[in-house]
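**Student:** Below is the structure I would like to discuss, written out as C-alpha cells.
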Amino acid sequence: MVFCCFQNLNHNNTVVPRMDGGTLHNLRTVEEVFKDFKGRRAGIIKALTADVGEFFEQCDPEKENLCLYGLPTEQWEVTLPAEEVPPELPEPALGINFAREGMQEKDWLALVAVHSDAWLLAVAHYFGARFGFDKADRKRLFTMINDLPTIFEIVSGSAKKQTKEKSSVSNHSSNKSKSSGKARGSESAKYSKSVQLKDEEEGLDEEEEEEHGDTLCGACGENYASDEFWICCDICEKWFHGKCVKITPARAEHIKQYKCPSCSNKRARP
C-alpha cells in the first residue's frame, strides 16, 4: 500500500483521481508541507505513547518486514512497505518488528522514534524538492520543523528535561537580577516590605506560568495551554492533555494514582 498526500498530475498538470475515488491533497506551500509534517508526526507520537500497547502487538516478529507510517490525518499504521519500485514517497525504516523481542522496550521505542524522525524529514524535504522550494523556503520549512521537539526527545523524555533546564536557567537569572536590585540600597529604601513581598509573589507566579508554558504533552508533543485540562503520570512524571489520554477532570478526581498508557502497558506485560 502506498501512502501519498500530494496530487497525482498528468502531463497537462490536472488532478488525477486516486484509486480509492478521492483526490490527494495538493501541497504547494511551506505551510501546507509543514501541516503534513505535523499530522504525520502526531500520528507516530500517538503510536509510541498513547497507543503503545496496540503498536507493540501489531509489530509481531513472526510477520514479514513491517514499517510504521504516520499519516497526515494524525493517525498511524503498521503495514508492509510499498510494492511500487521506486516508491512514490521515501519509505520509513523496514523491519521494525524484528528488533522488538531482542531489545528492551524503551530502547526499541527509542530506535523506532529516531528512524521516524529521519523519515519525516525525508518526506518533508522530498515535497520541498518536488515543488521547487527555493533556499528561503527550505530554510523556513526547516526552522518550523526544528522548533518542534523530535519524536525521540518526546519518547525518551529528554524534551521534558530540556524544558526543566530552561526553567532552571530562567529562575537563576531572575534570582540573580533580584539580588542585584537589593544591592541598590538607596532605591530599595523607597519601597515598603509589603510591596517587596507582593512583587516577589508575582515574580514566582510568572516563573511558574513560564515553566508550565514549556511543558509538552507526552502523547501529542504540543505545548501547555492554561485553558486545557492536563494530568501527570505518577510513574514517569510526564504530562498529558486529558483529551489525549481520554481522562476528564471529573474522572481524574477519583484516580488516586494515575498511570499513563505507556506505564500501564509496561506493568501489564509479563
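By convention here, the chains of the C-alpha cells are called A, B, ... in the order presented, each chain's residues are numbered starting at 1, and ligands are numbered starting at 1 in the order presented.
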If you count only C-alpha atoms, which residues fall within 8 Å of Leu48 of chain A, apart from same-chain ones fewer than 6 positions away, as JSON, numbers by chain?
**Tutor:** {"A": [55, 109, 113, 155]}
**Student:** So that I can see what lies close to Gln75 of chain A, please list as a PyMOL selection string the residues with an atom at most 10 Å from it, counting only C-alpha atoms and leaving out residues fewer than 4 positions away in the same chain.
**Tutor:** chain A and resi 39-47+69-71
**Student:** Save the residues we just selected, N, CA and C atoms, as a JSON list (two decimals), in the first residue's frame?
**Tutor:**
[["chain", "number", "residue", "atom", "x", "y", "z"],
["A", 39, "GLY", "N", 0.97, 16.49, 10.97],
["A", 39, "GLY", "CA", -0.02, 15.42, 11.03],
["A", 39, "GLY", "C", 0.64, 14.06, 11.14],
["A", 40, "ARG", "N", 1.64, 13.81, 10.29],
["A", 40, "ARG", "CA", 2.36, 12.53, 10.33],
["A", 40, "ARG", "C", 3.08, 12.35, 11.67],
["A", 41, "ARG", "N", 3.70, 13.44, 12.14],
["A", 41, "ARG", "CA", 4.43, 13.40, 13.41],
["A", 41, "ARG", "C", 3.49, 13.06, 14.56],
["A", 42, "ALA", "N", 2.33, 13.69, 14.59],
["A", 42, "ALA", "CA", 1.35, 13.44, 15.66],
["A", 42, "ALA", "C", 0.90, 11.98, 15.65],
["A", 43, "GLY", "N", 0.71, 11.42, 14.46],
["A", 43, "GLY", "CA", 0.30, 10.02, 14.36],
["A", 43, "GLY", "C", 1.35, 9.07, 14.94],
["A", 44, "ILE", "N", 2.62, 9.32, 14.63],
["A", 44, "ILE", "CA", 3.70, 8.46, 15.12],
["A", 44, "ILE", "C", 3.86, 8.61, 16.63],
["A", 45, "ILE", "N", 3.78, 9.85, 17.12],
["A", 45, "ILE", "CA", 3.87, 10.07, 18.57],
["A", 45, "ILE", "C", 2.76, 9.32, 19.29],
["A", 46, "LYS", "N", 1.59, 9.32, 18.71],
["A", 46, "LYS", "CA", 0.45, 8.60, 19.29],
["A", 46, "LYS", "C", 0.75, 7.10, 19.35],
["A", 47, "ALA", "N", 1.34, 6.57, 18.28],
["A", 47, "ALA", "CA", 1.67, 5.14, 18.25],
["A", 47, "ALA", "C", 2.67, 4.77, 19.34],
["A", 69, "TYR", "N", 4.01, 3.87, 9.57],
["A", 69, "TYR", "CA", 3.67, 5.05, 8.77],
["A", 69, "TYR", "C", 2.89, 6.04, 9.62],
["A", 70, "GLY", "N", 3.30, 7.30, 9.58],
["A", 70, "GLY", "CA", 2.50, 8.38, 10.14],
["A", 70, "GLY", "C", 1.67, 8.98, 9.01],
["A", 71, "LEU", "N", 0.40, 9.17, 9.24],
["A", 71, "LEU", "CA", -0.49, 9.67, 8.19],
["A", 71, "LEU", "C", -0.80, 11.16, 8.42]]
**Student:** Quick one: everything within 9 Å of Val123 of chain A, counting only C-alpha atoms, minus sequence neighbours fewer than 4 positions away in the same chain. Send it as a list in words.
**Tutor:** Phe37, Leu89, Pro90, Glu91, Ala118, Trp119, Phe127 and Gly128 of chain A
**Student:** Please produce an output containing N, CA and C atoms for each residue in the selection, written as an mmCIF file, in the first residue's frame.
**Tutor:**
data_model
loop_
_atom_site.group_PDB
_atom_site.id
_atom_site.type_symbol
_atom_site.label_atom_id
_atom_site.label_comp_id
_atom_site.auth_asym_id
_atom_site.auth_seq_id
_atom_site.Cartn_x
_atom_site.Cartn_y
_atom_site.Cartn_z
ATOM 1 N N PHE A 37 3.629 17.508 7.711
ATOM 2 C CA PHE A 37 4.658 17.026 8.636
ATOM 3 C C PHE A 37 4.087 16.859 10.043
ATOM 4 N N LEU A 89 6.912 7.956 -2.422
ATOM 5 C CA LEU A 89 7.403 8.742 -1.288
ATOM 6 C C LEU A 89 8.567 7.998 -0.640
ATOM 7 N N PRO A 90 9.474 8.699 0.051
ATOM 8 C CA PRO A 90 10.501 8.000 0.834
ATOM 9 C C PRO A 90 9.829 7.037 1.806
ATOM 10 N N GLU A 91 10.442 5.884 2.003
ATOM 11 C CA GLU A 91 9.863 4.858 2.866
ATOM 12 C C GLU A 91 10.465 4.920 4.263
ATOM 13 N N ALA A 118 13.907 10.685 11.127
ATOM 14 C CA ALA A 118 14.630 10.763 9.850
ATOM 15 C C ALA A 118 13.659 10.661 8.674
ATOM 16 N N TRP A 119 12.665 9.785 8.803
ATOM 17 C CA TRP A 119 11.689 9.604 7.724
ATOM 18 C C TRP A 119 10.847 10.861 7.517
ATOM 19 N N PHE A 127 8.988 16.780 -0.579
ATOM 20 C CA PHE A 127 7.973 17.702 -1.090
ATOM 21 C C PHE A 127 8.601 19.029 -1.489
ATOM 22 N N GLY A 128 9.558 19.496 -0.658
ATOM 23 C CA GLY A 128 10.226 20.753 -0.972
ATOM 24 C C GLY A 128 10.944 20.703 -2.302
#
**Student:** Take atom CA of Cys233 of chain A and atom CA of Lys259 of chain A and report the distance between them in Å, one decimal.
**Tutor:** 5.0 Å
**Student:** Compare A:Lys106, A:Ile96, A:Ala50, A:Phe56 by their minimum atom-to-atom distance to His241 of chain A, counting only C-alpha atoms, and give me the closest one.
**Tutor:** A:Ala50
**Student:** Could you work out how far atom CA of Thr248 of chain A lies from atom CA of Glu105 of chain A, giving the answer in Å with one decimal?
**Tutor:**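 The value is 28.7 Å.
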**Student:** With only C-alpha atoms as the atoms that count, which of A:Ile231, A:Leu80, A:Pro261, A:Ile145 lies nearest to Ile247 of chain A?
**Tutor:**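 Closest to Ile247 of chain A, using only C-alpha atoms: A:Ile231.
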**Student:** Rounded to one decimal, what separation in Å do you get between atom CA of Ala93 of chain A and atom CA of Val245 of chain A?
**Tutor:**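 Between atom CA of Ala93 of chain A and atom CA of Val245 of chain A the gap works out to 27.2 Å.
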**Student:** For Glu31 of chain A, which residue out of A:Ala124, A:Lys63, A:Arg100, A:Phe240 is the nearest one, using only C-alpha atoms?
**Tutor:** A:Ala124
